[in-house]
file data_32.txt (compact mmCIF, C-alpha atoms)
# COMPACT_ATOMS: atom_id res chain seq x y z
CA MET A 1 19.65 -21.47 8.34
CA SER A 2 18.21 -23.34 11.32
CA GLN A 3 14.84 -21.66 10.59
CA ILE A 4 13.71 -24.30 8.10
CA ALA A 5 13.20 -28.05 8.34
CA LYS A 6 15.21 -30.68 6.47
CA ALA A 7 13.91 -31.80 3.07
CA ARG A 8 12.04 -35.09 3.35
CA ARG A 9 10.00 -36.10 0.35
CA ARG A 10 8.96 -35.73 -3.32
CA GLY A 11 11.23 -34.09 -5.85
CA LEU A 12 14.01 -32.33 -4.01
CA ALA A 13 13.64 -29.11 -6.00
CA ASP A 14 9.92 -28.98 -5.13
CA GLU A 15 10.70 -29.65 -1.48
CA VAL A 16 13.36 -26.94 -1.40
CA ALA A 17 10.90 -24.50 -2.98
CA GLU A 18 8.20 -25.43 -0.46
CA GLN A 19 10.48 -25.00 2.55
CA VAL A 20 11.94 -21.68 1.41
CA ARG A 21 8.55 -20.38 0.29
CA GLY A 22 7.10 -21.23 3.69
CA ALA A 23 9.95 -19.45 5.45
CA ILE A 24 9.42 -16.34 3.33
CA LEU A 25 5.64 -16.28 3.76
CA GLU A 26 5.92 -16.84 7.52
CA GLY A 27 8.33 -13.91 7.71
CA ARG A 28 11.40 -15.95 8.66
CA PHE A 29 13.21 -14.72 5.54
CA GLU A 30 12.37 -11.04 5.19
CA PRO A 31 12.23 -9.06 1.93
CA GLY A 32 15.75 -8.41 0.66
CA SER A 33 17.25 -11.37 2.56
CA ALA A 34 20.07 -13.18 0.77
CA LEU A 35 19.42 -16.85 -0.08
CA ARG A 36 22.79 -18.58 -0.32
CA GLU A 37 22.93 -21.95 -2.04
CA VAL A 38 25.65 -23.37 0.22
CA GLU A 39 23.81 -22.48 3.43
CA LEU A 40 20.44 -23.69 2.16
CA ALA A 41 21.93 -26.96 0.91
CA ALA A 42 23.49 -27.60 4.31
CA ALA A 43 20.31 -26.69 6.22
CA LEU A 44 18.09 -28.84 4.00
CA GLU A 45 20.66 -31.62 3.56
CA VAL A 46 20.33 -31.60 -0.23
CA SER A 47 22.67 -30.82 -3.09
CA ARG A 48 23.37 -27.32 -4.30
CA GLY A 49 21.82 -28.38 -7.61
CA ALA A 50 18.51 -29.14 -5.90
CA VAL A 51 18.66 -25.76 -4.14
CA ARG A 52 19.39 -24.01 -7.44
CA GLU A 53 16.39 -25.71 -9.09
CA GLY A 54 14.13 -24.95 -6.13
CA LEU A 55 15.11 -21.30 -6.12
CA GLY A 56 14.42 -21.26 -9.86
CA LEU A 57 10.81 -22.25 -9.12
CA LEU A 58 10.52 -19.37 -6.66
CA ILE A 59 11.99 -16.97 -9.19
CA ARG A 60 9.21 -17.95 -11.59
CA GLU A 61 6.66 -17.35 -8.83
CA GLY A 62 8.06 -13.85 -8.34
CA LEU A 63 9.09 -14.40 -4.69
CA VAL A 64 12.81 -14.46 -5.36
CA ARG A 65 15.13 -12.47 -7.62
CA SER A 66 18.56 -13.33 -8.91
CA GLY A 67 21.17 -11.01 -10.40
CA TRP A 68 24.73 -11.53 -11.63
CA HIS A 69 26.26 -9.19 -9.06
CA ARG A 70 23.50 -9.28 -6.43
CA GLY A 71 23.09 -13.00 -5.81
CA THR A 72 19.70 -14.50 -5.01
CA THR A 73 17.43 -12.60 -2.64
CA VAL A 74 13.84 -12.49 -1.44
CA ILE A 75 12.06 -9.77 -3.42
CA GLU A 76 11.77 -6.31 -1.93
CA VAL A 77 8.16 -5.15 -1.73
CA THR A 78 8.07 -2.02 -3.90
CA VAL A 79 5.25 0.31 -4.85
CA THR A 80 5.66 -0.62 -8.53
CA ASP A 81 5.47 -4.36 -7.80
CA VAL A 82 2.37 -3.90 -5.67
CA GLU A 83 0.58 -1.74 -8.23
CA GLU A 84 1.34 -4.14 -11.10
CA VAL A 85 0.35 -7.31 -9.24
CA TYR A 86 -2.80 -5.81 -7.75
CA ALA A 87 -3.93 -4.48 -11.12
CA VAL A 88 -3.89 -8.06 -12.38
CA ARG A 89 -5.42 -9.34 -9.16
CA GLY A 90 -8.32 -6.89 -9.38
CA ALA A 91 -9.36 -8.24 -12.78
CA LEU A 92 -9.04 -11.86 -11.63
CA GLU A 93 -10.93 -11.22 -8.40
CA ARG A 94 -13.85 -9.63 -10.19
CA LEU A 95 -14.18 -12.57 -12.58
CA ALA A 96 -13.86 -15.12 -9.76
CA ALA A 97 -16.51 -13.38 -7.64
CA LEU A 98 -18.99 -13.01 -10.50
CA THR A 99 -18.50 -16.65 -11.49
CA VAL A 100 -19.07 -17.83 -7.93
CA ALA A 101 -22.18 -15.67 -7.60
CA THR A 102 -23.60 -17.32 -10.71
CA GLU A 103 -22.50 -20.91 -10.21
CA ALA A 104 -21.87 -21.64 -6.52
CA SER A 105 -24.15 -23.73 -4.33
CA PRO A 106 -25.12 -22.74 -0.78
CA LYS A 107 -22.72 -25.44 0.46
CA ASP A 108 -19.89 -23.80 -1.49
CA LEU A 109 -20.65 -20.48 0.16
CA ASP A 110 -20.70 -22.18 3.55
CA GLU A 111 -17.02 -22.98 2.96
CA LEU A 112 -16.28 -19.28 2.56
CA ASP A 113 -18.25 -18.47 5.71
CA ASP A 114 -16.20 -21.07 7.58
CA VAL A 115 -12.98 -19.28 6.64
CA VAL A 116 -14.47 -15.95 7.72
CA ASP A 117 -15.53 -17.48 11.05
CA ARG A 118 -11.95 -18.61 11.61
CA MET A 119 -10.74 -15.11 10.70
CA ALA A 120 -13.07 -13.63 13.31
CA ASN A 121 -11.82 -16.10 15.92
CA ALA A 122 -8.20 -15.29 15.03
CA VAL A 123 -8.93 -11.58 15.36
CA ALA A 124 -10.54 -12.12 18.77
CA GLU A 125 -7.48 -14.08 19.88
CA GLU A 126 -5.15 -11.33 18.57
CA ALA A 127 -3.44 -13.74 16.18
CA ASP A 128 -0.25 -12.53 14.58
CA ALA A 129 0.08 -10.95 11.13
CA ALA A 130 1.26 -14.21 9.51
CA THR A 131 -1.81 -16.10 10.75
CA LEU A 132 -4.24 -13.42 9.59
CA SER A 133 -2.64 -13.07 6.16
CA ALA A 134 -2.65 -16.86 5.71
CA LEU A 135 -6.40 -16.94 6.41
CA ASP A 136 -6.89 -14.08 3.94
CA ILE A 137 -5.15 -16.11 1.24
CA GLU A 138 -7.09 -19.26 2.21
CA PHE A 139 -10.34 -17.37 1.64
CA HIS A 140 -9.28 -16.37 -1.86
CA ASP A 141 -7.92 -19.85 -2.63
CA THR A 142 -11.37 -21.16 -1.74
CA LEU A 143 -13.09 -18.53 -3.89
CA TYR A 144 -11.03 -19.47 -6.96
CA ARG A 145 -11.53 -23.19 -6.36
CA ILE A 146 -15.30 -22.75 -6.10
CA ALA A 147 -15.31 -20.70 -9.31
CA GLY A 148 -14.24 -23.89 -11.08
CA ASN A 149 -12.40 -22.18 -13.94
CA SER A 150 -9.05 -23.94 -14.36
CA ARG A 151 -7.45 -21.13 -16.36
CA LEU A 152 -8.60 -18.55 -13.85
CA SER A 153 -7.07 -20.67 -11.07
CA THR A 154 -3.82 -20.94 -13.01
CA ALA A 155 -3.69 -17.16 -13.39
CA TRP A 156 -4.34 -16.73 -9.66
CA HIS A 157 -1.58 -19.16 -8.73
CA GLY A 158 0.77 -17.22 -10.97
CA ILE A 159 0.56 -14.23 -8.60
CA ARG A 160 -0.56 -15.94 -5.38
CA ALA A 161 2.82 -16.11 -3.64
CA GLN A 162 3.52 -12.44 -4.30
CA VAL A 163 0.03 -11.48 -3.08
CA GLN A 164 0.59 -13.41 0.14
CA LEU A 165 3.92 -11.67 0.73
CA PHE A 166 2.28 -8.30 0.06
CA GLN A 167 -0.59 -9.12 2.45
CA LEU A 168 1.87 -10.16 5.13
CA THR A 169 3.76 -6.90 4.67
CA ARG A 170 0.53 -4.92 4.84
CA ALA A 171 -0.54 -6.72 8.01
CA ARG A 172 2.80 -6.08 9.69
CA LEU A 173 2.98 -2.42 8.77
CA GLY A 174 -0.59 -1.74 9.86
CA TYR A 175 -1.56 -4.62 12.13
CA GLU A 176 -4.38 -2.95 14.07
CA HIS A 177 -6.07 -1.64 10.92
CA TYR A 178 -5.73 -4.97 9.12
CA ARG A 179 -7.00 -6.84 12.17
CA GLY A 180 -9.96 -4.47 12.38
CA ILE A 181 -11.22 -4.97 8.82
CA ILE A 182 -10.23 -8.45 7.67
CA ALA A 183 -13.27 -10.41 8.92
CA GLY A 184 -15.83 -7.70 8.13
CA GLU A 185 -14.68 -7.13 4.54
CA HIS A 186 -14.74 -10.82 3.73
CA ARG A 187 -18.10 -11.29 5.47
CA GLU A 188 -19.54 -8.53 3.30
CA LEU A 189 -18.17 -10.22 0.18
CA VAL A 190 -19.83 -13.52 1.10
CA GLY A 191 -23.11 -11.68 1.73
CA LEU A 192 -23.06 -10.25 -1.79
CA LEU A 193 -22.25 -13.69 -3.19
CA ARG A 194 -25.23 -15.22 -1.36
CA ALA A 195 -27.51 -12.44 -2.61
CA ARG A 196 -26.27 -13.04 -6.20
CA ASN A 197 -25.91 -9.26 -6.29
CA THR A 198 -23.67 -9.07 -9.33
CA LYS A 199 -23.93 -5.29 -9.73
CA ASP A 200 -22.62 -4.46 -6.27
CA LEU A 201 -20.34 -7.50 -6.30
CA ASN A 202 -18.57 -6.29 -9.44
CA ARG A 203 -17.76 -3.01 -7.68
CA PHE A 204 -16.97 -4.50 -4.28
CA ALA A 205 -14.61 -7.24 -5.53
CA GLU A 206 -12.52 -4.68 -7.41
CA GLU A 207 -12.54 -2.21 -4.50
CA HIS A 208 -11.56 -4.97 -2.05
CA VAL A 209 -8.33 -5.40 -4.01
CA GLN A 210 -7.68 -1.76 -4.84
CA SER A 211 -8.17 -0.58 -1.25
CA ALA A 212 -5.56 -3.14 -0.18
CA CYS A 213 -3.25 -1.80 -2.88
CA ARG A 214 -3.73 1.82 -1.79
CA LEU A 215 -3.14 1.01 1.85
CA LEU A 216 0.03 -0.96 1.20
CA THR A 217 1.53 1.56 -1.20
CA ALA A 218 0.84 4.34 1.35
CA GLN A 219 2.48 2.22 4.07
CA LEU A 220 5.52 1.60 1.87
CA ALA A 221 5.82 5.30 1.07
CA ALA A 222 5.62 6.18 4.78
CA GLY A 223 8.23 3.61 5.77
CA PRO A 224 8.25 1.27 8.80
CA PRO A 225 6.62 2.44 12.03
CA ALA A 226 8.93 4.37 14.36

call {"tool": "encode", "arguments": {"input": "data_32.txt", "output": "structure tokens"}}
result
Amino acid sequence: MSQIAKARRRGLADEVAEQVRGAILEGRFEPGSALREVELAAALEVSRGAVREGLGLLIREGLVRSGWHRGTTVIEVTVTDVEEVYAVRGALERLAALTVATEASPKDLDELDDVVDRMANAVAEEADAATLSALDIEFHDTLYRIAGNSRLSTAWHGIRAQVQLFQLTRARLGYEHYRGIIAGEHRELVGLLRARNTKDLNRFAEEHVQSACRLLTAQLAAGPPA
């Protein structure tokens, strides 16, 4: 449990959740890993009660599962989970993109271009899967924030942690492919937003999500690279 820093601030349950979430999304706790209260409490220097509450927050986010005989573990990434989450994500993404195309200012869209520029730089520097997937999520965080619909943002944050774990898994299982398309796909999306091309945007936003779903489910079916 030396992989995570000691808890320092705010509500202890929130801090525990933040530290464990970060470890999961950076790949330090892999899917299926056991999360033991005693070990986490010792590593974070907090009570087992705070750990239990923090893990409860992650259970509600869908990153962690708990069972009577199985203990608490990081979720496994399954085809069913991916298909269900991405079906919801596709609908949210379409609404977010169409709202941004209608309402966003050129300065708002510059923010999206800035994230894409950093993606391109990360690709050129052969950044690791965790860095690329974090930039991917940052782009979509920015898109939902610019959309300015609080209920849409709440719905996004309800699945966000799972989406980031799925994106990380996708990037690891097919790094070269992911690295080859991440900047270009997002650049194309920003171009459609700037053109206010709602017809093509409606199609592209949905396909952006569904192509990710198809790739990941195919990767999961094929198993890890030899």

call {"tool": "residues_near_point", "arguments": {"input": "data_32.txt", "point": "(-24.4, -21.0, -2.9)", "cutoff": "12 Å", "atoms": "only C-alpha atoms", "output": "VMD selection string"}}
result
chain A and resid 97 99 to 113 143 146 to 147 190 to 196

call {"tool": "atom_distance", "arguments": {"input": "data_32.txt", "atom1": "CA of Gly67 in chain A", "atom2": "CA of Ala34 in chain A"}}
result
11.4 Å

call {"tool": "closest_atom_pairs", "arguments": {"input": "data_32.txt", "of": "range 142-201 of chain A", "to": "range 128-138 of chain A", "cutoff": "7 Å", "atoms": "all atoms listed in the file", "output": "JSON lines"}}
result
{"residue": "A:Thr142", "atom": "CA", "partner": "A:Glu138", "partner_atom": "CA", "distance": 6.1}
{"residue": "A:Gln164", "atom": "CA", "partner": "A:Ile137", "partner_atom": "CA", "distance": 6.4}
{"residue": "A:Gln167", "atom": "CA", "partner": "A:Ser133", "partner_atom": "CA", "distance": 5.8}
{"residue": "A:Leu168", "atom": "CA", "partner": "A:Ser133", "partner_atom": "CA", "distance": 5.5}
{"residue": "A:Ala171", "atom": "CA", "partner": "A:Ala129", "partner_atom": "CA", "distance": 5.3}
{"residue": "A:Arg172", "atom": "CA", "partner": "A:Ala129", "partner_atom": "CA", "distance": 5.8}
{"residue": "A:Tyr175", "atom": "CA", "partner": "A:Ala129", "partner_atom": "CA", "distance": 6.6}

call {"tool": "atom_distance", "arguments": {"input": "data_32.txt", "atom1": "CA of Leu12 in chain A", "atom2": "CA of Ala161 in chain A"}}
result
19.7 Å

call {"tool": "residues_around", "arguments": {"input": "data_32.txt", "residues": "Asp117 in chain A", "least_positions_apart": "5", "cutoff": "9 Å", "atoms": "only C-alpha atoms", "output": "list in words"}}
result
Leu112, Ala122, Ala183 and Arg187 of chain A

call {"tool": "write_last_selection", "arguments": {"input": "data_32.txt", "atoms": "C-alpha atoms", "output": "mmCIF file, in the coordinates of the input"}}
result
data_model
loop_
_atom_site.group_PDB
_atom_site.id
_atom_site.type_symbol
_atom_site.label_atom_id
_atom_site.label_comp_id
_atom_site.auth_asym_id
_atom_site.auth_seq_id
_atom_site.Cartn_x
_atom_site.Cartn_y
_atom_site.Cartn_z
ATOM 1 C CA LEU A 112 -16.280 -19.280 2.560
ATOM 2 C CA ALA A 122 -8.200 -15.290 15.030
ATOM 3 C CA ALA A 183 -13.270 -10.410 8.920
ATOM 4 C CA ARG A 187 -18.100 -11.290 5.470
#

call {"tool": "atom_distance", "arguments": {"input": "data_32.txt", "atom1": "CA of Arg89 in chain A", "atom2": "CA of His177 in chain A"}}
result
21.5 Å

call {"tool": "residues_near_point", "arguments": {"input": "data_32.txt", "point": "(9.5, -16.5, 4.9)", "cutoff": "12 Å", "atoms": "all atoms listed in the file", "output": "number ranges by chain"}}
result
A: 1, 3-4, 17-35, 58, 63-64, 73-75, 130, 161-162, 164-166, 168-169

call {"tool": "closest_residue", "arguments": {"input": "data_32.txt", "among": "A:Arg160, A:Ala155, A:Lys199, A:Leu215", "to": "Ala91 in chain A", "atoms": "all atoms listed in the file"}}
result
A:Ala155

call {"tool": "closest_residue", "arguments": {"input": "data_32.txt", "among": "A:Val115, A:Ala42, A:Ile159, A:Val82", "to": "Ala212 in chain A", "atoms": "all atoms listed in the file"}}
result
A:Val82

call {"tool": "closest_residue", "arguments": {"input": "data_32.txt", "among": "A:Arg70, A:Val88, A:Val16, A:Val79", "to": "Arg48 in chain A", "atoms": "only C-alpha atoms"}}
result
A:Val16

call {"tool": "residues_around", "arguments": {"input": "data_32.txt", "residues": "Asp14 in chain A", "least_positions_apart": "5", "cutoff": "12 Å", "atoms": "all atoms listed in the file", "output": "ChimeraX atom specification"}}
result
/A:7-9,19-21,46,50-58

call {"tool": "closest_residue", "arguments": {"input": "data_32.txt", "among": "A:His186, A:Arg60, A:Arg170, A:Arg118", "to": "Ala218 in chain A", "atoms": "only C-alpha atoms"}}
result
A:Arg170

call {"tool": "closest_residue", "arguments": {"input": "data_32.txt", "among": "A:Met119, A:Glu83, A:Leu44, A:Asp141", "to": "Ser211 in chain A", "atoms": "all atoms listed in the file"}}
result
A:Glu83

call {"tool": "build_atoms", "arguments": {"input": "data_32.txt", "residues": "range 96-108 of chain A", "atoms": "N, CA, C and O atoms", "output": "PDB file, keeping the file's coordinate frame"}}
result
ATOM      1  N   ALA A  96     -13.623 -14.010 -10.690  1.00  0.00           N
ATOM      2  CA  ALA A  96     -13.860 -15.120  -9.760  1.00  0.00           C
ATOM      3  C   ALA A  96     -15.151 -14.892  -8.970  1.00  0.00           C
ATOM      4  O   ALA A  96     -15.981 -15.794  -8.830  1.00  0.00           O
ATOM      5  N   ALA A  97     -15.328 -13.673  -8.454  1.00  0.00           N
ATOM      6  CA  ALA A  97     -16.510 -13.380  -7.640  1.00  0.00           C
ATOM      7  C   ALA A  97     -17.784 -13.494  -8.461  1.00  0.00           C
ATOM      8  O   ALA A  97     -18.789 -14.068  -8.003  1.00  0.00           O
ATOM      9  N   LEU A  98     -17.788 -12.950  -9.665  1.00  0.00           N
ATOM     10  CA  LEU A  98     -18.990 -13.010 -10.500  1.00  0.00           C
ATOM     11  C   LEU A  98     -19.308 -14.448 -10.904  1.00  0.00           C
ATOM     12  O   LEU A  98     -20.477 -14.835 -10.978  1.00  0.00           O
ATOM     13  N   THR A  99     -18.278 -15.247 -11.149  1.00  0.00           N
ATOM     14  CA  THR A  99     -18.500 -16.650 -11.490  1.00  0.00           C
ATOM     15  C   THR A  99     -19.089 -17.410 -10.316  1.00  0.00           C
ATOM     16  O   THR A  99     -20.041 -18.189 -10.464  1.00  0.00           O
ATOM     17  N   VAL A 100     -18.547 -17.166  -9.125  1.00  0.00           N
ATOM     18  CA  VAL A 100     -19.070 -17.830  -7.930  1.00  0.00           C
ATOM     19  C   VAL A 100     -20.514 -17.417  -7.661  1.00  0.00           C
ATOM     20  O   VAL A 100     -21.366 -18.245  -7.330  1.00  0.00           O
ATOM     21  N   ALA A 101     -20.813 -16.141  -7.824  1.00  0.00           N
ATOM     22  CA  ALA A 101     -22.180 -15.670  -7.600  1.00  0.00           C
ATOM     23  C   ALA A 101     -23.170 -16.355  -8.526  1.00  0.00           C
ATOM     24  O   ALA A 101     -24.326 -16.595  -8.162  1.00  0.00           O
ATOM     25  N   THR A 102     -22.728 -16.694  -9.721  1.00  0.00           N
ATOM     26  CA  THR A 102     -23.600 -17.320 -10.710  1.00  0.00           C
ATOM     27  C   THR A 102     -23.705 -18.825 -10.519  1.00  0.00           C
ATOM     28  O   THR A 102     -24.780 -19.414 -10.680  1.00  0.00           O
ATOM     29  N   GLU A 103     -22.580 -19.445 -10.161  1.00  0.00           N
ATOM     30  CA  GLU A 103     -22.500 -20.910 -10.210  1.00  0.00           C
ATOM     31  C   GLU A 103     -22.508 -21.611  -8.865  1.00  0.00           C
ATOM     32  O   GLU A 103     -22.834 -22.796  -8.786  1.00  0.00           O
ATOM     33  N   ALA A 104     -22.126 -20.938  -7.788  1.00  0.00           N
ATOM     34  CA  ALA A 104     -21.870 -21.640  -6.520  1.00  0.00           C
ATOM     35  C   ALA A 104     -23.151 -22.106  -5.847  1.00  0.00           C
ATOM     36  O   ALA A 104     -24.205 -21.473  -5.950  1.00  0.00           O
ATOM     37  N   SER A 105     -23.041 -23.211  -5.126  1.00  0.00           N
ATOM     38  CA  SER A 105     -24.150 -23.730  -4.330  1.00  0.00           C
ATOM     39  C   SER A 105     -24.077 -23.125  -2.923  1.00  0.00           C
ATOM     40  O   SER A 105     -23.038 -22.600  -2.513  1.00  0.00           O
ATOM     41  N   PRO A 106     -25.176 -23.201  -2.167  1.00  0.00           N
ATOM     42  CA  PRO A 106     -25.120 -22.740  -0.780  1.00  0.00           C
ATOM     43  C   PRO A 106     -24.023 -23.436   0.026  1.00  0.00           C
ATOM     44  O   PRO A 106     -23.378 -22.818   0.876  1.00  0.00           O
ATOM     45  N   LYS A 107     -23.776 -24.717  -0.247  1.00  0.00           N
ATOM     46  CA  LYS A 107     -22.720 -25.440   0.460  1.00  0.00           C
ATOM     47  C   LYS A 107     -21.349 -24.848   0.136  1.00  0.00           C
ATOM     48  O   LYS A 107     -20.484 -24.744   1.018  1.00  0.00           O
ATOM     49  N   ASP A 108     -21.151 -24.460  -1.115  1.00  0.00           N
ATOM     50  CA  ASP A 108     -19.890 -23.800  -1.490  1.00  0.00           C
ATOM     51  C   ASP A 108     -19.688 -22.529  -0.675  1.00  0.00           C
ATOM     52  O   ASP A 108     -18.593 -22.253  -0.171  1.00  0.00           O
TER      53      ASP A 108
END
